[in-house]
Amino acid sequence: MTAPPVTPTNDQAFIVRLDEFSGPLDLLLTLIREQEINIADIPIAQVADQFVAAIGALGLNQAADYLEMAARLLRIKIQMLLPRPIDDEDWEDPRAELVRRLLEYEQIREVVDWLAGRARARADRFARGWLPDPPEQPPRPITLDLDQLSRAVEDVIAGMPQPTQHRVVPRPLDVEGATRRISDLLARRERFELHELFGERPTMADVISVLLAILELARMGRLRVAQDEPFGTIGVSRESPDQAA
Amino acid sequence: MNRLTKLLEAALFAAPRPLSVTELLVLEPEAAPDEIRAALRELELHYDEGGHGVQLVELADGFQLLTRPELAEAIAEAHLVDRPRKLSAAALETLAIVAYRQPVGRGEIEEIRGVVADGVVRLLVDRSLIEVVGRSDTLGRPLLYGTTAAFLELLGLKSIDELPRLDELSVALTPLAPLGAFEEG
Amino acid sequence: MNRLTKLLEAALFAAPRPLSVTELLVLEPEAAPDEIRAALRELELHYDEGGHGVQLVELADGFQLLTRPELAEAIAEAHLVDRPRKLSAAALETLAIVAYRQPVGRGEIEEIRGVVADGVVRLLVDRSLIEVVGRSDTLGRPLLYGTTAAFLELLGLKSIDELPRLDELSVALTPLAPLGAFEEG
């Protein structure tokens with residue numbers, strides 16, 4: 001369970017694979033431990049950037065869970081940057097929830113170490129390897145009454161997926177999907193606004209995927225992003241009409 | 001017991017089949033086959049003379065520690081090997097669906113419960129609570145299940161019509177909606 | 001060995017899992033639970049003092065005969081018995097959460113681990129390490145899971161109470177955190 005180092009030592013991509021971490025919290029905790037950061041006072045800007053860089057190097061497209069964490073970190077980073085009154089006692093540290101989750105997760109990891117130790121010790125003891133066939137005996141009588149059966153029916157009904165509350169949550173959009181969506185739109189229209197790329201209720205992962213796809217397409221020279229005024233709408237336009245047609 | 005005897009005892013206990021002298025030699029490659037045989041003899045004597053419930057037996061393909069035959073019956077009668085089973089929530093739910101929708105195929109049960117049901121269906125058939133009552137005319141002609149006489153007996157009912165007809169239940173378990181709608185759920 | 005001890009020894013040999021005093025009582029219904037315990041004690045002493053390769057271990061609310069740990073290496077190296085496969089980090093994390101928060105639904109597990117958990121939950125149910133113990137009353141009535149006897153067997157625990165108390169863990173000592181969430185669970 002010792003994870004390889006993930007912090008960048010130089011500009012090269014990190015040599016680490018996604019499946020070596022059991023989730024985004026594991027990766028985040030590894031980053032924090034490695035740099036001996038005080039968990040109660042995380043330099044969120046630095047850690048958020050490292051996290052995004054790490055999952056970038058790890059292959060974002062398969063990792064909705066990681067994307068969600070990246071989005072969460074970036075949001076906290078922004079919240080920390082917002083100005084606040086000096087003596088505001090109601091101010092809540094935007095990092096508090098993250099710290100709580102990290103501590104909770106760290107505690108689980110400590111339990112995991114204990115469990116793994118016990119399992120190893122138990123694996124050093126073998127039970128009897130050969131067992132006789134179970135005796136030919138009629139199975140014990142079953143108890144069953146109407147009350148039990150009625151309750152089971154209620155459970156069936158309660159557990160039945162309701163057509164109305166069908167899975168409205170679609171699979172989170174990955175970067176590949178976002179790239180496709182943007183290319184399609186660019187092929188049809190020369191210019192559109194950024195928010196048109198999000199569905200009705202975009203998840204954090206959707207937003208991040210779209211942003212990353214936009215940045216990547218801009219880098220490739222396929223589109224241009226412009227914001228005419230601060231906090232105004234963000235426009236996306238074809239970089240070269242010929243190319244996109 | 002010396003270390004070799006102890007090791008042989010543990011290996012014979014843990015192995016899933018009888019072990020020959022050759023196989024036991026792998027445990028202690030430095031030992032001579034005669035030493036293995038001597039240790040086995042010691043083990044055999046130990047179990048025979050101490051009045052144990054277990055004995056070392058030489059079979060065609062090797063040695064094995066076995067319970068004494070005269071105790072077999074007592075142990076079998078105690079049902080110790082078979083963990084007593086009550087019906088699980090999954091089994092109860094499946095039984096409820098069969099009771100209210102019979103004749104019903106496995107596919108339909110799975111659509112309603114949203115989980116694979118073959119293990120549970122097999123268990124209920126084994127326990128004679130449900131049985132095959134026919135085949136559907138639909139593609140693949142799946143088996144259809146219904147409840148058994150034993151099921152009614154267990155509930156103290158004369159016929160299936162005596163099952164409580166709670167309106168809500170019968171409506172919800174009546175094939176109204178195209179069940180395909182549930183597939184993604 | 002008296003007849004009862006002998007019978008218990010044979011039963012423990014024949015059973016695929018730990019047997020509780022209650023289950024052992026079925027062998028000799030006339031015996032008092034204390035007599036069973038005394039016989040188990042005799043058996044334990046016998047195996048300990050005779051320098052055996054096997055010993056009587058108390059675990060998972062019962063008793064089981066197991067080989068001594070110091071012999072494991074030799075037996076495994078001789079390829080007479082395979083060691084069980086190790087559980088993945090994801091499986092252990094999920095087990096840890098279920099162990100401390102049972103009954104617990106998949107949603108809560110996913111929230112704590114920060115990842116989707118249906119695959120690993122299914123795996124643990126398939127291996128009988130956790131089981132459905134009920135349904136939550138909250139929206140959608142999700143299934144709730146708890147640990148099983150097989151979980152205790154896997155870890156060699158007598159009962160769930162042997163798990164370390166959360167306030168004994170070093171992380172809990174961090175003064176900052178109101179980790180009340182654990183107590184509520």
# chains A, B, ... in the order shown; residues from 1 in each chain; ligands from 1
>>> residues_around(residues="region 22-33 of chain C", least_positions_apart="4", cutoff="7 Å", atoms="only C-alpha atoms", output="PyMOL selection string")
(chain B and resi 74-75+78+80) or (chain C and resi 37)
>>> write_last_selection(atoms="N, CA and C atoms", output="CSV table (one decimal), in the first residue's frame")
chain,number,residue,atom,x,y,z
B,74,ALA,N,-22.7,-39.6,15.0
B,74,ALA,CA,-23.1,-38.6,15.9
B,74,ALA,C,-22.8,-37.2,15.3
B,75,ILE,N,-21.7,-37.1,14.6
B,75,ILE,CA,-21.4,-35.8,14.0
B,75,ILE,C,-22.4,-35.4,12.8
B,78,ALA,N,-25.7,-34.3,14.1
B,78,ALA,CA,-25.7,-32.9,14.7
B,78,ALA,C,-25.7,-31.8,13.7
B,80,LEU,N,-23.7,-30.5,12.0
B,80,LEU,CA,-22.7,-29.4,12.2
B,80,LEU,C,-22.0,-28.9,10.9
C,37,ARG,N,-17.3,-26.4,27.6
C,37,ARG,CA,-16.1,-25.5,27.7
C,37,ARG,C,-14.9,-26.2,28.3
>>> calpha_fit_rmsd(fixed="chain C", moving="chain B")
17.8 Å
>>> select_by_dssp(residues="region 56-241 of chain A", states="helix (DSSP H, G or I)", output="NGL selection string")
:A and (56-58 or 60-62 or 64-81 or 96-123 or 146-159 or 175-188 or 194-197 or 204-219 or 241)
>>> write_last_selection(atoms="C-alpha atoms", output="short mmCIF file (atom, residue, chain, number, x, y, z; two decimals), in the first residue's frame")
data_model
loop_
_atom_site.label_atom_id
_atom_site.label_comp_id
_atom_site.auth_asym_id
_atom_site.auth_seq_id
_atom_site.Cartn_x
_atom_site.Cartn_y
_atom_site.Cartn_z
CA GLY A 56 -3.24 14.88 -16.10
CA ALA A 57 -0.22 12.65 -16.30
CA LEU A 58 -2.28 9.67 -15.22
CA LEU A 60 -7.88 11.80 -17.23
CA ASN A 61 -10.30 10.16 -19.57
CA GLN A 62 -11.08 7.15 -17.43
CA ALA A 64 -14.49 10.71 -13.30
CA ASP A 65 -13.82 10.28 -9.58
CA TYR A 66 -10.49 12.04 -9.92
CA LEU A 67 -11.98 14.79 -12.06
CA GLU A 68 -14.54 15.50 -9.43
CA MET A 69 -11.85 15.86 -6.79
CA ALA A 70 -9.83 18.11 -9.09
CA ALA A 71 -12.87 20.33 -9.55
CA ARG A 72 -13.44 20.42 -5.82
CA LEU A 73 -9.84 21.43 -5.15
CA LEU A 74 -9.92 24.15 -7.78
CA ARG A 75 -13.10 25.53 -6.30
CA ILE A 76 -11.59 25.66 -2.83
CA LYS A 77 -8.53 27.31 -4.32
CA ILE A 78 -10.72 30.03 -5.79
CA GLN A 79 -12.70 30.43 -2.58
CA MET A 80 -9.47 30.94 -0.67
CA LEU A 81 -8.52 33.71 -3.07
CA ALA A 96 -12.85 22.40 6.37
CA GLU A 97 -14.98 19.81 4.58
CA LEU A 98 -11.99 18.51 2.66
CA VAL A 99 -9.94 18.25 5.85
CA ARG A 100 -12.75 16.35 7.54
CA ARG A 101 -12.95 13.90 4.63
CA LEU A 102 -9.20 13.46 4.52
CA LEU A 103 -9.00 12.74 8.23
CA GLU A 104 -11.88 10.33 7.98
CA TYR A 105 -10.20 8.62 5.08
CA GLU A 106 -6.85 8.55 6.85
CA GLN A 107 -8.51 6.86 9.78
CA ILE A 108 -9.96 4.25 7.45
CA ARG A 109 -6.50 3.69 6.02
CA GLU A 110 -5.16 3.11 9.49
CA VAL A 111 -7.88 0.54 10.06
CA VAL A 112 -6.96 -1.00 6.69
CA ASP A 113 -3.37 -1.47 7.82
CA TRP A 114 -4.60 -3.16 10.97
CA LEU A 115 -6.99 -5.40 9.02
CA ALA A 116 -4.27 -6.33 6.52
CA GLY A 117 -1.96 -7.28 9.39
CA ARG A 118 -4.60 -9.49 10.94
CA ALA A 119 -5.41 -11.10 7.59
CA ARG A 120 -1.71 -11.84 7.06
CA ALA A 121 -1.43 -13.44 10.49
CA ARG A 122 -4.55 -15.49 9.89
CA ALA A 123 -3.23 -16.63 6.51
CA LEU A 146 -47.66 -14.60 5.85
CA ASP A 147 -46.28 -11.63 7.71
CA GLN A 148 -42.79 -12.36 6.46
CA LEU A 149 -44.10 -12.82 2.95
CA SER A 150 -46.05 -9.55 3.01
CA ARG A 151 -43.02 -7.69 4.24
CA ALA A 152 -41.01 -9.25 1.43
CA VAL A 153 -43.60 -8.00 -1.07
CA GLU A 154 -43.29 -4.52 0.38
CA ASP A 155 -39.53 -4.75 0.06
CA VAL A 156 -39.85 -5.82 -3.56
CA ILE A 157 -42.09 -2.87 -4.33
CA ALA A 158 -39.92 -0.43 -2.45
CA GLY A 159 -36.85 -1.73 -4.20
CA VAL A 175 -12.62 14.80 -22.01
CA GLU A 176 -12.93 12.71 -25.14
CA GLY A 177 -16.69 13.14 -25.18
CA ALA A 178 -16.39 16.86 -24.55
CA THR A 179 -13.93 17.19 -27.41
CA ARG A 180 -16.39 15.43 -29.69
CA ARG A 181 -19.25 17.64 -28.53
CA ILE A 182 -17.24 20.80 -29.19
CA SER A 183 -16.02 19.63 -32.59
CA ASP A 184 -19.59 18.84 -33.63
CA LEU A 185 -20.77 22.26 -32.61
CA LEU A 186 -17.81 23.96 -34.30
CA ALA A 187 -18.59 22.15 -37.51
CA ARG A 188 -22.09 23.55 -37.48
CA LEU A 194 -19.28 28.48 -23.60
CA HIS A 195 -22.35 27.73 -21.51
CA GLU A 196 -24.00 26.09 -24.53
CA LEU A 197 -21.59 23.24 -24.10
CA MET A 204 -18.45 18.92 -11.73
CA ALA A 205 -16.87 16.31 -13.98
CA ASP A 206 -18.78 17.63 -17.02
CA VAL A 207 -17.55 21.17 -16.44
CA ILE A 208 -13.97 20.10 -15.93
CA SER A 209 -14.05 17.86 -19.00
CA VAL A 210 -15.39 20.68 -21.18
CA LEU A 211 -12.83 23.16 -19.87
CA LEU A 212 -9.96 20.76 -20.44
CA ALA A 213 -11.23 19.93 -23.92
CA ILE A 214 -11.54 23.65 -24.78
CA LEU A 215 -8.02 24.33 -23.60
CA GLU A 216 -6.68 21.39 -25.54
CA LEU A 217 -8.50 22.42 -28.76
CA ALA A 218 -7.30 26.00 -28.31
CA ARG A 219 -3.76 24.76 -27.91
CA PRO A 241 -13.26 28.36 -40.85
#
>>> select_by_dssp(residues="region 99-131 of chain B", states="strand (DSSP E or B)", output="PDB file with N, CA and C atoms, in the first residue's frame")
ATOM      1  N   VAL B 104     -44.186 -17.384 -13.643  1.00  0.00           N
ATOM      2  CA  VAL B 104     -43.255 -16.298 -13.917  1.00  0.00           C
ATOM      3  C   VAL B 104     -41.867 -16.864 -14.242  1.00  0.00           C
ATOM      4  N   GLY B 105     -41.206 -16.214 -15.189  1.00  0.00           N
ATOM      5  CA  GLY B 105     -39.872 -16.670 -15.587  1.00  0.00           C
ATOM      6  C   GLY B 105     -38.783 -15.955 -14.816  1.00  0.00           C
ATOM      7  N   ILE B 130     -40.769 -23.561  -4.707  1.00  0.00           N
ATOM      8  CA  ILE B 130     -41.276 -23.248  -6.035  1.00  0.00           C
ATOM      9  C   ILE B 130     -40.902 -24.391  -6.968  1.00  0.00           C
ATOM     10  N   GLU B 131     -41.566 -24.470  -8.109  1.00  0.00           N
ATOM     11  CA  GLU B 131     -41.265 -25.536  -9.066  1.00  0.00           C
ATOM     12  C   GLU B 131     -41.548 -25.039 -10.486  1.00  0.00           C
TER      13      GLU B 131
END
>>> closest_atom_pairs(of="chain C", to="chain B", cutoff="8 Å", atoms="only C-alpha atoms", output="Markdown table")
| residue | atom | partner | partner_atom | distance |
| --- | --- | --- | --- | --- |
| C:Met1 | CA | B:Gly51 | CA | 5.6 |
| C:Asn2 | CA | B:Gly51 | CA | 7.7 |
| C:Thr5 | CA | B:Gly53 | CA | 8.0 |
| C:Lys6 | CA | B:Gly53 | CA | 4.4 |
| C:Leu7 | CA | B:Gly53 | CA | 5.9 |
| C:Leu8 | CA | B:Gly53 | CA | 7.8 |
| C:Glu9 | CA | B:Gly53 | CA | 5.6 |
| C:Ala10 | CA | B:Gly53 | CA | 4.8 |
| C:Ala11 | CA | B:Ile75 | CA | 6.0 |
| C:Phe13 | CA | B:Thr67 | CA | 6.9 |
| C:Ala14 | CA | B:Val81 | CA | 6.9 |
| C:Ala15 | CA | B:Val81 | CA | 5.1 |
| C:Pro16 | CA | B:Val81 | CA | 6.6 |
| C:Leu19 | CA | B:Leu80 | CA | 7.9 |
| C:Glu23 | CA | B:Leu80 | CA | 7.0 |
| C:Leu24 | CA | B:Leu80 | CA | 7.9 |
| C:Val26 | CA | B:Ala78 | CA | 5.6 |
| C:Leu27 | CA | B:Ala78 | CA | 5.5 |
| C:Gly50 | CA | B:Met1 | CA | 6.6 |
| C:Gly51 | CA | B:Met1 | CA | 5.5 |
| C:His52 | CA | B:Lys6 | CA | 5.4 |
| C:Gly53 | CA | B:Lys6 | CA | 4.4 |
| C:Val54 | CA | B:Ala10 | CA | 5.8 |
| C:Thr67 | CA | B:Ala10 | CA | 5.5 |
| C:Arg68 | CA | B:Ala10 | CA | 7.5 |
| C:Leu71 | CA | B:Leu7 | CA | 6.5 |
| C:Ala74 | CA | B:Leu27 | CA | 6.1 |
| C:Ile75 | CA | B:Ala11 | CA | 6.1 |
| C:Glu77 | CA | B:Leu27 | CA | 7.8 |
| C:Ala78 | CA | B:Leu27 | CA | 5.6 |
| C:Leu80 | CA | B:Ala15 | CA | 5.9 |
| C:Val81 | CA | B:Ala15 | CA | 5.7 |
| C:Val132 | CA | B:Ala89 | CA | 8.0 |
| C:Gly134 | CA | B:Ala89 | CA | 8.0 |
>>> write_last_selection(atoms="C-alpha atoms", output="PDB file, in the first residue's frame")
ATOM      1  CA  MET C   1      -9.516 -38.079  26.569  1.00  0.00           C
ATOM      2  CA  ASN C   2     -13.055 -38.693  27.653  1.00  0.00           C
ATOM      3  CA  THR C   5     -13.597 -34.371  24.326  1.00  0.00           C
ATOM      4  CA  LYS C   6     -13.092 -37.031  21.678  1.00  0.00           C
ATOM      5  CA  LEU C   7     -16.434 -36.191  20.091  1.00  0.00           C
ATOM      6  CA  LEU C   8     -15.666 -32.479  20.054  1.00  0.00           C
ATOM      7  CA  GLU C   9     -12.280 -33.151  18.497  1.00  0.00           C
ATOM      8  CA  ALA C  10     -13.855 -35.184  15.714  1.00  0.00           C
ATOM      9  CA  ALA C  11     -16.543 -32.559  15.124  1.00  0.00           C
ATOM     10  CA  PHE C  13     -12.045 -31.854  12.453  1.00  0.00           C
ATOM     11  CA  ALA C  14     -15.113 -32.382  10.294  1.00  0.00           C
ATOM     12  CA  ALA C  15     -16.433 -28.823  10.271  1.00  0.00           C
ATOM     13  CA  PRO C  16     -15.513 -26.367   7.518  1.00  0.00           C
ATOM     14  CA  LEU C  19     -18.123 -24.097  15.774  1.00  0.00           C
ATOM     15  CA  GLU C  23     -23.480 -25.702  18.047  1.00  0.00           C
ATOM     16  CA  LEU C  24     -21.222 -28.174  19.857  1.00  0.00           C
ATOM     17  CA  VAL C  26     -26.028 -30.384  19.734  1.00  0.00           C
ATOM     18  CA  LEU C  27     -23.532 -33.250  19.805  1.00  0.00           C
ATOM     19  CA  GLY C  50       1.918 -32.224  23.315  1.00  0.00           C
ATOM     20  CA  GLY C  51       3.932 -30.044  20.925  1.00  0.00           C
ATOM     21  CA  HIS C  52       1.453 -30.529  18.118  1.00  0.00           C
ATOM     22  CA  GLY C  53       1.497 -28.940  14.675  1.00  0.00           C
ATOM     23  CA  VAL C  54      -2.142 -28.027  15.144  1.00  0.00           C
ATOM     24  CA  THR C  67      -2.100 -25.272  12.019  1.00  0.00           C
ATOM     25  CA  ARG C  68       0.544 -23.374  13.968  1.00  0.00           C
ATOM     26  CA  LEU C  71       4.848 -24.085  10.155  1.00  0.00           C
ATOM     27  CA  ALA C  74       7.311 -24.908   5.181  1.00  0.00           C
ATOM     28  CA  ILE C  75       3.826 -26.125   4.208  1.00  0.00           C
ATOM     29  CA  GLU C  77       6.734 -23.868   0.142  1.00  0.00           C
ATOM     30  CA  ALA C  78       6.120 -27.562  -0.314  1.00  0.00           C
ATOM     31  CA  LEU C  80       0.865 -28.815  -0.312  1.00  0.00           C
ATOM     32  CA  VAL C  81      -1.530 -25.984   0.514  1.00  0.00           C
ATOM     33  CA  VAL C 132     -27.188  -7.465   3.057  1.00  0.00           C
ATOM     34  CA  GLY C 134     -31.534  -4.673   5.637  1.00  0.00           C
TER      35      GLY C 134
END
>>> closest_residue(among="B:Arg141, B:Arg113, B:Arg122, B:Lys158", to="chain A", atoms="only C-alpha atoms")
B:Arg113
>>> closest_residue(among="C:Leu56, C:Val133, C:Ala96, C:Ile160", to="chain A", atoms="only C-alpha atoms")
C:Ala96
>>> closest_residue(among="C:Asp126, C:Asp48, C:Asp137, C:Asp61", to="chain A", atoms="only C-alpha atoms")
C:Asp137
